[in-house]
$ cat start_31.pdb   # PDB, C-alpha atoms
ATOM      1  CA  MET A   1       2.146  21.375  -3.483
ATOM      2  CA  ILE A   2      -1.379  22.674  -4.070
ATOM      3  CA  TRP A   3      -0.381  23.974  -7.513
ATOM      4  CA  THR A   4       1.127  20.586  -8.423
ATOM      5  CA  GLN A   5      -1.990  18.679  -7.337
ATOM      6  CA  GLY A   6      -4.269  21.162  -9.105
ATOM      7  CA  ARG A   7      -2.123  21.068 -12.240
ATOM      8  CA  ARG A   8      -2.218  17.280 -12.322
ATOM      9  CA  TRP A   9      -5.996  17.249 -11.932
ATOM     10  CA  LEU A  10      -6.339  19.817 -14.713
ATOM     11  CA  LEU A  11      -4.014  17.823 -16.984
ATOM     12  CA  ARG A  12      -5.926  14.588 -16.371
ATOM     13  CA  TRP A  13      -9.190  16.385 -17.162
ATOM     14  CA  ALA A  14      -7.819  18.158 -20.245
ATOM     15  CA  LEU A  15      -6.174  15.047 -21.717
ATOM     16  CA  ARG A  16      -9.030  12.600 -21.172
ATOM     17  CA  ASP A  17     -10.757  11.431 -24.335
ATOM     18  CA  LEU A  18     -14.409  12.062 -25.126
ATOM     19  CA  ALA A  19     -15.490   8.955 -23.194
ATOM     20  CA  GLY A  20     -13.916  10.402 -20.024
ATOM     21  CA  ARG A  21     -11.189   7.782 -19.644
ATOM     22  CA  ALA A  22      -7.728   8.352 -18.217
ATOM     23  CA  PRO A  23      -5.175  10.319 -20.263
ATOM     24  CA  HIS A  24      -3.827   8.320 -23.164
ATOM     25  CA  ILE A  25      -2.454   9.188 -26.555
ATOM     26  CA  SER A  26      -1.101   5.866 -27.665
ATOM     27  CA  ALA A  27      -1.673   2.143 -27.736
ATOM     28  CA  ILE A  28       0.288  -1.015 -28.440
ATOM     29  CA  GLU A  29      -0.450  -4.207 -30.289
ATOM     30  CA  ALA A  30       1.146  -7.073 -28.359
ATOM     31  CA  THR A  31       1.431 -10.723 -29.384
ATOM     32  CA  HIS A  32       2.839 -13.456 -27.100
ATOM     33  CA  HIS A  33       4.145 -16.485 -29.060
ATOM     34  CA  TRP A  34       4.677 -20.097 -28.049
ATOM     35  CA  PRO A  35       8.138 -21.564 -28.861
ATOM     36  CA  ASP A  36       6.764 -22.983 -32.142
ATOM     37  CA  GLY A  37       5.731 -19.463 -33.235
ATOM     38  CA  SER A  38       1.992 -19.958 -32.825
ATOM     39  CA  VAL A  39       0.057 -17.223 -31.037
ATOM     40  CA  LYS A  40      -0.477 -17.631 -27.294
ATOM     41  CA  TRP A  41      -2.464 -14.357 -27.069
ATOM     42  CA  ARG A  42      -2.825 -11.063 -28.936
ATOM     43  CA  ALA A  43      -4.235  -7.756 -27.669
ATOM     44  CA  GLU A  44      -4.434  -4.035 -28.394
ATOM     45  CA  ILE A  45      -3.800  -2.153 -25.155
ATOM     46  CA  GLU A  46      -4.342   1.552 -24.505
ATOM     47  CA  ASN A  47      -1.788   3.451 -22.475
ATOM     48  CA  ARG A  48      -1.908   5.537 -19.367
ATOM     49  CA  LEU A  49       0.502   8.478 -19.249
ATOM     50  CA  PHE A  50       2.936   8.863 -16.379
ATOM     51  CA  TYR A  51       3.151  12.362 -14.879
ATOM     52  CA  GLU A  52       6.698  12.515 -16.272
ATOM     53  CA  GLY A  53       5.223  11.879 -19.730
ATOM     54  CA  ILE A  54       2.656  14.645 -19.323
ATOM     55  CA  ASP A  55       5.449  16.991 -18.212
ATOM     56  CA  LEU A  56       7.536  16.064 -21.303
ATOM     57  CA  LEU A  57       4.574  16.763 -23.584
ATOM     58  CA  LEU A  58       3.613  20.108 -22.045
ATOM     59  CA  GLU A  59       7.206  21.356 -21.790
ATOM     60  CA  PHE A  60       7.710  20.584 -25.492
ATOM     61  CA  ALA A  61       4.337  21.796 -26.792
ATOM     62  CA  TYR A  62       4.001  24.998 -24.835
ATOM     63  CA  ARG A  63       7.400  26.011 -23.490
ATOM     64  CA  GLY A  64       9.595  25.060 -26.448
ATOM     65  CA  VAL A  65      11.737  22.741 -24.334
ATOM     66  CA  ASP A  66      13.052  20.120 -26.773
ATOM     67  CA  ASN A  67      13.149  17.341 -24.196
ATOM     68  CA  PHE A  68      11.919  14.441 -26.304
ATOM     69  CA  PRO A  69      14.429  11.626 -26.775
ATOM     70  CA  ALA A  70      15.904  10.616 -30.111
ATOM     71  CA  ALA A  71      14.277   7.225 -29.512
ATOM     72  CA  TRP A  72      11.645   5.558 -27.323
ATOM     73  CA  TYR A  73      12.585   2.459 -25.349
ATOM     74  CA  GLY A  74      10.110  -0.326 -24.722
ATOM     75  CA  ARG A  75      10.675  -2.113 -21.404
ATOM     76  CA  LEU A  76       8.854  -4.765 -19.374
ATOM     77  CA  PHE A  77       8.250  -4.591 -15.613
ATOM     78  CA  GLY A  78       6.333  -6.408 -12.887
ATOM     79  CA  GLY A  79       4.028  -4.817 -10.338
ATOM     80  CA  ALA A  80       1.449  -2.094 -10.818
ATOM     81  CA  PRO A  81       3.068   1.260 -11.666
ATOM     82  CA  ALA A  82       1.368   4.446 -10.449
ATOM     83  CA  ASP A  83       0.907   7.711 -12.361
ATOM     84  CA  ASP A  84       3.577   9.486 -10.323
ATOM     85  CA  ASP A  85       6.197   6.703 -10.442
ATOM     86  CA  THR A  86       9.695   7.332 -11.752
ATOM     87  CA  ILE A  87      12.062   4.732 -13.179
ATOM     88  CA  THR A  88      13.508   4.008  -9.730
ATOM     89  CA  ASP A  89      10.043   2.999  -8.467
ATOM     90  CA  LEU A  90       9.595   0.239 -11.064
ATOM     91  CA  THR A  91      10.657  -3.337 -10.316
ATOM     92  CA  GLY A  92      10.772  -6.721 -11.965
ATOM     93  CA  GLU A  93      12.457  -5.878 -15.267
ATOM     94  CA  PRO A  94      13.903  -9.091 -16.716
ATOM     95  CA  GLY A  95      17.688  -9.194 -17.008
ATOM     96  CA  GLY A  96      19.571 -11.234 -19.588
ATOM     97  CA  ASN A  97      18.217 -14.560 -20.867
ATOM     98  CA  GLY A  98      17.393 -13.013 -24.255
ATOM     99  CA  TYR A  99      15.742  -9.881 -22.816
ATOM    100  CA  ALA A 100      16.753  -6.407 -23.953
ATOM    101  CA  ALA A 101      14.838  -3.136 -24.154
ATOM    102  CA  LEU A 102      13.343  -2.449 -27.585
ATOM    103  CA  THR A 103      14.170   0.793 -29.401
ATOM    104  CA  TRP A 104      12.020   2.894 -31.742
ATOM    105  CA  THR A 105      13.950   5.813 -33.211
ATOM    106  CA  ARG A 106      11.862   8.936 -33.800
ATOM    107  CA  ASN A 107      12.074   8.950 -37.591
ATOM    108  CA  THR A 108      10.182   7.894 -40.718
ATOM    109  CA  THR A 109      11.783   4.429 -40.716
ATOM    110  CA  ASP A 110      10.479   3.249 -37.335
ATOM    111  CA  TRP A 111       7.199   5.228 -37.572
ATOM    112  CA  GLY A 112       4.725   5.328 -40.451
ATOM    113  CA  ALA A 113       2.953   8.354 -41.917
ATOM    114  CA  VAL A 114       0.192   9.970 -39.881
ATOM    115  CA  THR A 115      -3.152   8.758 -41.217
ATOM    116  CA  LEU A 116      -6.824   9.174 -40.396
ATOM    117  CA  VAL A 117      -8.409   5.896 -39.264
ATOM    118  CA  GLY A 118     -12.092   6.416 -38.460
ATOM    119  CA  SER A 119     -12.069   9.306 -35.976
ATOM    120  CA  GLU A 120      -8.421   8.754 -34.958
ATOM    121  CA  LYS A 121      -5.171  10.169 -36.278
ATOM    122  CA  GLN A 122      -2.486   7.472 -36.004
ATOM    123  CA  THR A 123       1.148   6.748 -36.641
ATOM    124  CA  ARG A 124       2.158   3.114 -36.281
ATOM    125  CA  GLY A 125       5.590   1.993 -35.151
ATOM    126  CA  VAL A 126       7.280  -1.041 -36.651
ATOM    127  CA  LYS A 127       6.780  -4.326 -34.838
ATOM    128  CA  LYS A 128       9.735  -5.335 -32.643
ATOM    129  CA  THR A 129      10.317  -8.461 -30.563
ATOM    130  CA  PHE A 130      11.369  -9.163 -26.977
ATOM    131  CA  GLY A 131      13.292 -12.453 -27.025
ATOM    132  CA  PRO A 132      13.160 -15.218 -27.763
ATOM    133  CA  ALA A 133      13.826 -16.023 -24.128
ATOM    134  CA  THR A 134      16.834 -18.286 -23.585
ATOM    135  CA  ALA A 135      15.533 -19.082 -20.073
ATOM    136  CA  ASP A 136      12.298 -18.185 -18.270
ATOM    137  CA  TRP A 137      11.877 -14.472 -17.446
ATOM    138  CA  PRO A 138      10.280 -13.240 -14.223
ATOM    139  CA  THR A 139       6.549 -12.518 -14.435
ATOM    140  CA  VAL A 140       5.816  -9.122 -16.012
ATOM    141  CA  THR A 141       2.611  -7.107 -15.956
ATOM    142  CA  THR A 142       3.441  -3.864 -17.742
ATOM    143  CA  PHE A 143       5.022  -2.587 -20.938
ATOM    144  CA  VAL A 144       6.553   0.898 -20.526
ATOM    145  CA  LEU A 145       7.725   3.454 -23.083
ATOM    146  CA  ALA A 146      10.648   5.382 -21.614
ATOM    147  CA  THR A 147      13.273   7.877 -22.747
ATOM    148  CA  ALA A 148      16.240   5.557 -22.078
ATOM    149  CA  SER A 149      17.075   1.902 -21.488
ATOM    150  CA  ASP A 150      18.773   2.509 -18.130
ATOM    151  CA  GLY A 151      18.149   4.110 -14.730
ATOM    152  CA  THR A 152      18.225   7.660 -16.156
ATOM    153  CA  ALA A 153      14.973   7.167 -18.089
ATOM    154  CA  LYS A 154      11.932   9.387 -17.825
ATOM    155  CA  LEU A 155       8.677   7.451 -18.091
ATOM    156  CA  TRP A 156       6.311   8.333 -20.943
ATOM    157  CA  ALA A 157       3.487   5.800 -20.821
ATOM    158  CA  ARG A 158       2.525   2.397 -19.463
ATOM    159  CA  PHE A 159       0.407  -0.393 -20.886
ATOM    160  CA  THR A 160      -1.013  -3.031 -18.545
ATOM    161  CA  LEU A 161      -0.758  -6.458 -20.186
ATOM    162  CA  PRO A 162      -4.023  -8.461 -20.401
ATOM    163  CA  GLU A 163      -2.666 -10.839 -17.778
ATOM    164  CA  PRO A 164       0.600 -11.230 -15.852
ATOM    165  CA  ILE A 165       2.915 -13.218 -18.110
ATOM    166  CA  THR A 166       6.056 -15.228 -17.756
ATOM    167  CA  VAL A 167       7.886 -15.467 -21.052
ATOM    168  CA  LEU A 168       9.223 -19.016 -20.987
ATOM    169  CA  ALA A 169      12.362 -20.281 -22.692
ATOM    170  CA  GLY A 170      11.790 -20.233 -26.451
ATOM    171  CA  GLU A 171       8.853 -17.787 -26.298
ATOM    172  CA  ASP A 172       8.830 -14.172 -27.456
ATOM    173  CA  LEU A 173       6.647 -11.082 -27.251
ATOM    174  CA  ASP A 174       6.033  -8.810 -30.260
ATOM    175  CA  VAL A 175       5.102  -5.173 -29.682
ATOM    176  CA  ARG A 176       3.961  -2.485 -32.128
ATOM    177  CA  PRO A 177       3.422   0.993 -30.635
ATOM    178  CA  ILE A 178       0.721   3.217 -32.093
ATOM    179  CA  GLY A 179       0.560   6.989 -31.609
ATOM    180  CA  VAL A 180      -3.134   7.931 -31.470
ATOM    181  CA  VAL A 181      -5.214  11.070 -31.104
ATOM    182  CA  ARG A 182      -8.921  10.308 -30.732
ATOM    183  CA  GLY A 183     -11.964  12.399 -31.567
ATOM    184  CA  VAL A 184     -10.657  13.785 -34.858
ATOM    185  CA  THR A 185     -13.337  14.482 -37.461
ATOM    186  CA  SER A 186     -12.748  14.418 -41.180
TER     187      SER A 186
END
$ encode --input "start_31.pdb" --output "structure tokens"
Amino acid sequence: MIWTQGRRWLLRWALRDLAGRAPHISAIEATHHWPDGSVKWRAEIENRLFYEGIDLLLEFAYRGVDNFPAAWYGRLFGGAPADDDTITDLTGEPGGNGYAALTWTRNTTDWGAVTLVGSEKQTRGVKKTFGPATADWPTVTTFVLATASDGTAKLWARFTLPEPITVLAGEDLDVRPIGVVRGVTS
């Protein structure tokens, strides 16, 4: 128990960016549309890694455990997920009514080349769309990248939406994930 708590503290410290914020290595661009297609709101949101995501990264990078999925799954949930949550702790995922998890395959089709943008190295995923909703969805607060679209998923990262949203019938939500490493110098 002490080792686990100490390891988590060390990981949070080691993965924080130069400004001292929480661990994050990605972001999303999200756009919520009215039924007529006009923009309701648009935001770029930084992530916060789940402990399961940190474990996936460290196991792969340092122990040679090829545990990354063939694809990432974007899912919406309500509530306020915690760092140590697992998929069974999350609630409020919409069901039906035009909702389905989004999928980004780990390849050069769904993800662009790695480029230097200012002091960041980035790879941008293609934009994908939740919906349009065929009926109102329950209120959601969080976008999650996970390793599967079902109850077996490991959680990689979460992105708190700028406000709790209810996607109403006819509306949709576009999401573009961005893999980012900050503090890179050219």
$ resolve_selection --input "start_31.pdb" --expression "the PyMOL selection byres ((chain A and resi 55) around 12)" --output "ChimeraX atom specification"
/A:4,7-8,11-12,49-54,56-63,65-68,83-84,154-157
$ resolve_selection --input "start_31.pdb" --expression "the PyMOL selection byres ((chain A and resi 100-110) around 7)" --output "number ranges by chain"
A: 70-75, 98-99, 111-112, 125-126, 128, 130, 149
$ atom_distance --input "start_31.pdb" --atom1 "atom CA of Gly179 of chain A" --atom2 "atom CA of Lys121 of chain A"
8.0 Å
$ closest_residue --input "start_31.pdb" --among "A:Thr115, A:Asn47, A:Thr31, A:Thr123" --to "Val144 of chain A" --atoms "only C-alpha atoms"
A:Asn47
$ atom_distance --input "start_31.pdb" --atom1 "atom CA of Leu116 of chain A" --atom2 "atom CA of Glu46 of chain A"
17.8 Å
$ closest_residue --input "start_31.pdb" --among "A:Leu76, A:Val114, A:Ile87, A:Val175" --to "Trp137 of chain A" --atoms "all atoms listed in the file"
A:Leu76
$ closest_residue --input "start_31.pdb" --among "A:Ala153, A:Pro138, A:Arg42, A:Ser26" --to "Asp89 of chain A" --atoms "all atoms listed in the file"
A:Ala153
$ atom_distance --input "start_31.pdb" --atom1 "atom CA of Phe159 of chain A" --atom2 "atom CA of Trp41 of chain A"
15.5 Å
$ closest_residue --input "start_31.pdb" --among "A:Lys127, A:His32, A:Arg48, A:Arg176" --to "Pro162 of chain A" --atoms "all atoms listed in the file"
A:His32
$ axis_aligned_box --input "start_31.pdb" --around "segment 116-133 of chain A" --padding-each-side "6 Å" --output "JSON"
{"center_x": 0.9, "center_y": -2.9, "center_z": -32.3, "size_x": 37.9, "size_y": 38.2, "size_z": 28.3}
$ closest_residue --input "start_31.pdb" --among "A:Val167, A:Val140, A:Val117, A:Ala135" --to "Gly92 of chain A" --atoms "only C-alpha atoms"
A:Val140
$ residues_around --input "start_31.pdb" --residues "Pro35 of chain A" --least-positions-apart "2" --cutoff "9 Å" --atoms "all atoms listed in the file" --output "ChimeraX atom specification"
/A:33,37-38,132,168-172
$ closest_residue --input "start_31.pdb" --among "A:Gly96, A:Thr129, A:Asp150, A:Thr139" --to "Glu29 of chain A" --atoms "only C-alpha atoms"
A:Thr129
